[in-house]
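Here the structure is laid out as structure tokens; the discussion comes afterwards.
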Amino acid sequence: MKVLVVGGGGREHAIVDALTRSSSVTGVVCTPGNPGIAALARCVPGAQDPAAVAALAVGEGVDLVVVGPEGPLAEGVVDALQAAGVPAFGPSRDASRLEGDKAWSKAFMARHGIPTARYRSFEDLPGALAYALEQPLPVVVKDAGLRAGKGVTICHAHDEAREALTAIFSQDGAAAVIEEFMTGQEVSVLAFADGVRAVQMLPSQDHKTIHEGDTGPMTGGMGVICPFPLTDADRTSVQSGILDLVMAGMAAEGLPFVGVLYAGLMLTPDGPKVVEFNARFGDPEAEAVLPLLTGDLGEITLACAQGRLDPGMVTFAAGASAVVILAAPGYPGEPQRGVPLTLPVAGEGERIYQAGTALQGEQLVSAGGRVLAVQASADTLALALGRAYRLVERVGFEGAQFRRDIGGRIGLTPEA
């Protein structure tokens, strides 16, 4: 079959890479794509709004559309594709509120008994400030809208909460969620979902802040280890106590969830609790998880779109995967663009996924915040980390920011 992938970042590069390894897929088109994706698929610029994506899908005669980013999902690209008669892997606009509206998502969890942090939602600054200033520290302040992973502030002082809330409510139509601070290991569990059932992928752990030691501002993610050593008991608890409840609850509310159900979890002393849900492949989790997928991604995503996912389709290789993100100078503020990049030839079990890149003539340059996702696979996490960091050393990228402590939360150190 022929597949159209929507998006142009590292996540989409990993999706396209996995699709080109799928025996069910005969061709891949990507919009808008990036220089790395262009080496694997035909890239078509410009088609990002729902109507344009649907028109492109019909014009290309594709059999399936896989939507990568959260923005087009929230705008209703799946609804437009369904109206055009094109199967789509991703949730409808209303179902994507699970990610796009954190206040709605928290209320959904409360309605369906899904474990999460104690919280309050606010649509006005005075009420939010009054509540935040009464809470024990640290307290978590979240922008209720889509903020590409950067709308969360862990406030260790009430003045930080005041600053975060003031920034949120400087925007028209803003809303905020204020949560208790949860402790424990954080883990990402992604699942393929077909509207009825959710089938887990390998668990992973992202590293969200810009600096080592989990310090500094939040980013979209600076590195990943996969699989995270989640116990069988916790995996069972996540399935029955979170994923199954989400799928049943969404269906009961007339919003059957299709696509990737991403549960960002905290392994608290009281068991796994939800930090947040995303409605698509995580980025950079996809770059760590998909290289280990041995199931046919084309077959899996089409089965989800058609409501016939078989858990036996979802298989993974033994071993481990690690990703180190190289970010531009200035990120997560204003990133420096136009920095020349020189990429080494990746070996067996190594990949360099392009995220924020562009071509200036023949020269590859930085064109965003998180620029490259450097991935390596090996028999163990420590070996995979070692391979990834050695590959990082071979990348030419002056001023690149990257964390040297990926995996450190669970005591991992890179091995040769």
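Letters A, B, ... mark the chains of the structure tokens in the order given; residue numbers begin at 1 per chain; ligand numbers begin at 1, in order shown.
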Worksheet entry | Secondary structure check, strand (DSSP E or B) residues of range 242-389 of chain A, as a PyMOL selection string | chain A and resi 258-268+271-278+293+316+320-327+340+342+350-354+357-360+363-366+370-378
Worksheet item: Within 8 Å of range 14-24 of chain A, counting only C-alpha atoms, which residues qualify if same-chain residues fewer than 2 places away don't, as a ChimeraX atom specification?
Response: /A:1,5,10-12,26-28,37,40-41,286-287,290-291,293,295-299,353
Practice prompt. Point out the residue among A:Glu160, A:Asp379, A:Gly61, A:Leu292 with the least atom-to-atom distance to Leu129 in chain A, counting only C-alpha atoms.
Written response: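 Of A:Glu160, A:Asp379, A:Gly61, A:Leu292, the one nearest Leu129 in chain A, counting only C-alpha atoms, is A:Glu160.
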Need the shell around Val274 in chain A: protein/DNA/RNA residues with any atom at most 10 Å away, counting only C-alpha atoms. Skip same-chain ones fewer than 6 positions apart. Format as a compact mmCIF listing (two decimals) with N, CA, C and O atoms, in the first residue's frame?
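File result12.txt, as written:
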# COMPACT_ATOMS: atom_id res chain seq x y z
N LYS A 106 -7.98 16.24 32.36
CA LYS A 106 -8.01 15.94 33.79
C LYS A 106 -9.43 15.63 34.26
O LYS A 106 -9.64 14.72 35.07
N MET A 109 -10.26 12.13 33.26
CA MET A 109 -9.66 11.15 34.17
C MET A 109 -10.47 11.03 35.45
O MET A 109 -10.68 9.93 35.97
N ILE A 114 -9.40 7.33 36.58
CA ILE A 114 -8.03 7.09 36.12
C ILE A 114 -7.07 7.81 37.07
O ILE A 114 -7.21 9.02 37.29
N PRO A 115 -6.11 7.11 37.66
CA PRO A 115 -5.26 7.72 38.69
C PRO A 115 -4.37 8.82 38.12
O PRO A 115 -3.68 8.65 37.11
N THR A 116 -4.39 9.97 38.78
CA THR A 116 -3.60 11.12 38.36
C THR A 116 -3.37 12.02 39.56
O THR A 116 -3.88 11.76 40.65
N ALA A 117 -2.60 13.09 39.37
CA ALA A 117 -2.31 14.01 40.46
C ALA A 117 -3.56 14.80 40.84
O ALA A 117 -4.41 15.10 40.00
N MET A 182 4.16 15.13 41.98
CA MET A 182 4.29 13.71 42.24
C MET A 182 5.75 13.29 42.20
O MET A 182 6.55 13.87 41.44
N GLU A 186 9.66 8.64 36.14
CA GLU A 186 8.71 8.98 35.07
C GLU A 186 8.94 8.03 33.90
O GLU A 186 10.09 7.73 33.54
N VAL A 187 7.86 7.55 33.30
CA VAL A 187 7.97 6.60 32.20
C VAL A 187 6.91 6.91 31.17
O VAL A 187 5.81 7.37 31.51
N SER A 188 7.24 6.70 29.90
CA SER A 188 6.29 6.89 28.80
C SER A 188 5.85 5.52 28.29
O SER A 188 6.68 4.70 27.91
N VAL A 238 -0.84 -0.64 34.45
CA VAL A 238 -1.02 0.40 33.44
C VAL A 238 -2.10 0.00 32.43
O VAL A 238 -2.94 0.82 32.03
N ILE A 242 -5.34 2.01 33.53
CA ILE A 242 -5.20 3.29 32.82
C ILE A 242 -5.64 3.14 31.36
O ILE A 242 -6.65 3.72 30.94
N ALA A 263 0.68 7.56 27.23
CA ALA A 263 0.48 7.83 28.65
C ALA A 263 1.81 8.20 29.28
O ALA A 263 2.71 7.36 29.37
N GLY A 264 1.95 9.46 29.66
CA GLY A 264 3.10 9.88 30.44
C GLY A 264 2.79 9.60 31.91
O GLY A 264 1.83 10.16 32.45
N LEU A 265 3.58 8.75 32.53
CA LEU A 265 3.24 8.23 33.86
C LEU A 265 4.31 8.56 34.89
O LEU A 265 5.49 8.70 34.56
N MET A 266 3.88 8.63 36.15
CA MET A 266 4.79 8.68 37.28
C MET A 266 4.59 7.41 38.09
O MET A 266 3.46 7.06 38.44
N LEU A 267 5.68 6.72 38.36
CA LEU A 267 5.61 5.51 39.17
C LEU A 267 5.71 5.91 40.64
O LEU A 267 6.77 5.91 41.25
N THR A 268 4.57 6.29 41.20
CA THR A 268 4.52 6.80 42.57
C THR A 268 4.53 5.64 43.57
O THR A 268 4.30 4.48 43.20
Fill in: Sel. of helix (DSSP H, G or I) residues, range 3-66 of chain A, as a PyMOL selection string
chain A and resi 10-20+37-39+50-60
Discussion item. Quick one: residues within 9 Å of range 42-44 of chain A, only C-alpha atoms, excluding same-chain residues fewer than 5 positions away - as a PyMOL selection string?
Written reply: chain A and resi 27-35+37+56
Go ahead and dump the residues you just picked, N, CA, C and O atoms, as a CSV table (one decimal), in the first residue's frame.
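Result file follows (out_21.csv):
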chain,number,residue,atom,x,y,z
A,27,GLY,N,5.1,2.3,-1.0
A,27,GLY,CA,5.6,3.7,-1.3
A,27,GLY,C,5.2,4.6,-0.2
A,27,GLY,O,4.1,4.4,0.5
A,28,VAL,N,6.0,5.7,0.1
A,28,VAL,CA,5.7,6.6,1.2
A,28,VAL,C,5.9,8.0,0.6
A,28,VAL,O,6.9,8.4,0.0
A,29,VAL,N,4.9,8.9,0.9
A,29,VAL,CA,4.9,10.3,0.6
A,29,VAL,C,4.9,11.0,2.0
A,29,VAL,O,4.2,10.6,2.9
A,30,CYS,N,5.6,12.2,2.1
A,30,CYS,CA,5.6,12.9,3.4
A,30,CYS,C,5.3,14.4,3.1
A,30,CYS,O,5.9,14.9,2.1
A,31,THR,N,4.5,15.0,3.9
A,31,THR,CA,4.3,16.4,3.8
A,31,THR,C,4.5,17.1,5.2
A,31,THR,O,3.8,16.6,6.2
A,32,PRO,N,5.3,18.1,5.4
A,32,PRO,CA,6.2,18.6,4.4
A,32,PRO,C,7.6,17.9,4.3
A,32,PRO,O,8.3,18.1,3.4
A,33,GLY,N,7.8,17.0,5.3
A,33,GLY,CA,9.1,16.3,5.3
A,33,GLY,C,10.3,17.1,5.7
A,33,GLY,O,10.1,18.3,6.2
A,34,ASN,N,11.5,16.6,5.6
A,34,ASN,CA,12.7,17.3,5.9
A,34,ASN,C,13.8,16.7,5.0
A,34,ASN,O,13.6,15.6,4.4
A,35,PRO,N,15.0,17.2,5.0
A,35,PRO,CA,16.1,16.6,4.2
A,35,PRO,C,16.4,15.2,4.5
A,35,PRO,O,16.7,14.4,3.6
A,37,ILE,N,14.2,12.9,5.7
A,37,ILE,CA,13.1,12.1,5.2
A,37,ILE,C,13.1,12.0,3.7
A,37,ILE,O,12.8,11.0,3.1
A,56,LEU,N,-4.4,16.3,-0.8
A,56,LEU,CA,-3.2,15.7,-1.2
A,56,LEU,C,-3.4,14.2,-1.2
A,56,LEU,O,-2.9,13.4,-2.1
Discussion item. Need the shell around range 68-85 of chain A: protein/DNA/RNA residues with any atom at most 8 Å away, counting only C-alpha atoms. Skip same-chain ones fewer than 3 positions apart. Format as a PyMOL selection string?
Written reply: chain A and resi 5-7+11-12+48-51+53-54+57-58+88-94+96-97+100+146+279-281
With N, CA and C atoms kept, could you save the residues just selected as a CSV table (one decimal), in the first residue's frame?
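Final file, out-v4.csv:
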chain,number,residue,atom,x,y,z
A,5,VAL,N,2.6,10.4,5.2
A,5,VAL,CA,2.9,10.8,6.5
A,5,VAL,C,2.8,12.3,6.6
A,6,VAL,N,2.1,12.8,7.6
A,6,VAL,CA,2.0,14.2,7.9
A,6,VAL,C,3.0,14.6,8.9
A,7,GLY,N,3.9,15.6,8.6
A,7,GLY,CA,4.8,16.1,9.6
A,7,GLY,C,6.2,16.2,9.0
A,11,ARG,N,10.3,12.7,14.8
A,11,ARG,CA,9.3,11.7,15.0
A,11,ARG,C,8.9,11.1,13.6
A,12,GLU,N,8.6,12.1,12.7
A,12,GLU,CA,8.1,11.6,11.3
A,12,GLU,C,9.2,10.9,10.6
A,48,GLN,N,-0.6,21.3,5.1
A,48,GLN,CA,-0.6,21.1,6.5
A,48,GLN,C,-2.0,21.3,7.1
A,49,ASP,N,-2.9,22.2,6.5
A,49,ASP,CA,-4.2,22.3,7.1
A,49,ASP,C,-5.0,21.1,6.6
A,50,PRO,N,-6.1,20.8,7.4
A,50,PRO,CA,-6.9,19.6,7.1
A,50,PRO,C,-7.4,19.4,5.6
A,51,ALA,N,-7.9,20.5,5.1
A,51,ALA,CA,-8.4,20.4,3.7
A,51,ALA,C,-7.3,20.1,2.7
A,53,VAL,N,-4.4,18.6,3.3
A,53,VAL,CA,-3.9,17.2,3.5
A,53,VAL,C,-4.9,16.2,2.9
A,54,ALA,N,-6.2,16.4,3.1
A,54,ALA,CA,-7.2,15.5,2.5
A,54,ALA,C,-7.1,15.6,1.0
A,57,ALA,N,-4.0,13.7,-0.1
A,57,ALA,CA,-4.2,12.2,0.0
A,57,ALA,C,-5.0,11.7,-1.1
A,58,VAL,N,-6.1,12.4,-1.5
A,58,VAL,CA,-6.9,11.9,-2.6
A,58,VAL,C,-6.1,12.0,-3.9
A,88,ALA,N,-7.3,6.9,8.1
A,88,ALA,CA,-6.3,7.7,8.8
A,88,ALA,C,-5.9,7.1,10.1
A,89,PHE,N,-4.7,7.2,10.5
A,89,PHE,CA,-4.2,6.7,11.7
A,89,PHE,C,-3.9,7.9,12.6
A,90,GLY,N,-4.9,8.1,13.5
A,90,GLY,CA,-4.8,9.3,14.4
A,90,GLY,C,-6.2,9.5,15.0
A,91,PRO,N,-6.4,10.2,16.1
A,91,PRO,CA,-7.7,10.5,16.6
A,91,PRO,C,-8.4,11.7,15.9
A,92,SER,N,-9.7,11.7,16.0
A,92,SER,CA,-10.5,12.8,15.5
A,92,SER,C,-10.1,14.1,16.3
A,93,ARG,N,-10.6,15.2,15.8
A,93,ARG,CA,-10.4,16.5,16.5
A,93,ARG,C,-10.9,16.4,17.9
A,94,ASP,N,-12.1,15.9,18.1
A,94,ASP,CA,-12.7,15.9,19.5
A,94,ASP,C,-11.9,14.9,20.4
A,96,SER,N,-8.8,14.1,20.2
A,96,SER,CA,-7.5,14.6,20.5
A,96,SER,C,-7.5,15.6,21.6
A,97,ARG,N,-8.7,16.0,22.1
A,97,ARG,CA,-8.7,16.8,23.3
A,97,ARG,C,-8.0,16.2,24.5
A,100,GLY,N,-4.9,17.9,23.7
A,100,GLY,CA,-5.0,19.3,23.4
A,100,GLY,C,-5.6,20.2,24.4
A,146,LEU,N,-2.0,23.3,23.8
A,146,LEU,CA,-0.9,22.7,23.2
A,146,LEU,C,0.3,23.6,23.3
A,279,ALA,N,-1.7,12.4,22.2
A,279,ALA,CA,-2.6,11.7,21.2
A,279,ALA,C,-1.9,11.3,20.0
A,280,ARG,N,-0.5,11.1,20.1
A,280,ARG,CA,0.3,10.7,19.0
A,280,ARG,C,1.6,10.1,19.5
A,281,PHE,N,2.4,9.7,18.5
A,281,PHE,CA,3.8,9.2,18.9
A,281,PHE,C,4.5,10.3,19.6
Discussion item. Env of Val324 in chain A: 7 Å cut, atoms = only C-alpha atoms, seq-sep filter 4 positions within chain, self excluded. Answer as a list in words.
Written reply: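 Near Val324 in chain A, the qualifying residues are Met222, Gly223, Val224, Ala373, Val374, Gln375 and Ala388 of chain A.
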Saved selection, atoms kept: N, CA, C and O atoms, as a CSV table (one decimal), in the first residue's frame:
chain,number,residue,atom,x,y,z
A,222,MET,N,15.0,15.6,25.6
A,222,MET,CA,16.5,15.7,25.2
A,222,MET,C,17.1,14.3,25.1
A,222,MET,O,18.3,14.2,24.9
A,223,GLY,N,16.4,13.2,25.3
A,223,GLY,CA,17.0,11.9,25.2
A,223,GLY,C,16.1,10.8,25.8
A,223,GLY,O,15.2,11.1,26.6
A,224,VAL,N,16.3,9.6,25.3
A,224,VAL,CA,15.3,8.5,25.7
A,224,VAL,C,16.1,7.2,25.9
A,224,VAL,O,17.1,7.0,25.1
A,373,ALA,N,18.2,13.7,16.3
A,373,ALA,CA,18.1,12.6,17.3
A,373,ALA,C,19.0,11.5,16.9
A,373,ALA,O,18.8,10.8,15.9
A,374,VAL,N,20.0,11.3,17.7
A,374,VAL,CA,21.1,10.3,17.5
A,374,VAL,C,20.7,9.1,18.2
A,374,VAL,O,20.6,9.0,19.4
A,375,GLN,N,20.5,8.0,17.5
A,375,GLN,CA,19.9,6.7,18.0
A,375,GLN,C,20.9,5.6,17.8
A,375,GLN,O,21.5,5.5,16.7
A,388,ALA,N,25.4,5.4,21.2
A,388,ALA,CA,24.8,6.7,20.8
A,388,ALA,C,25.7,7.9,21.1
A,388,ALA,O,25.9,8.8,20.3
Item to complete: Using only C-alpha atoms, find the one residue out of A:Tyr119, A:Trp104, A:Phe397, A:Phe228 that sits nearest to Glu180 in chain A.
Response: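 Looking only at the distances to Glu180 in chain A, the closest residue turns out to be A:Tyr119.
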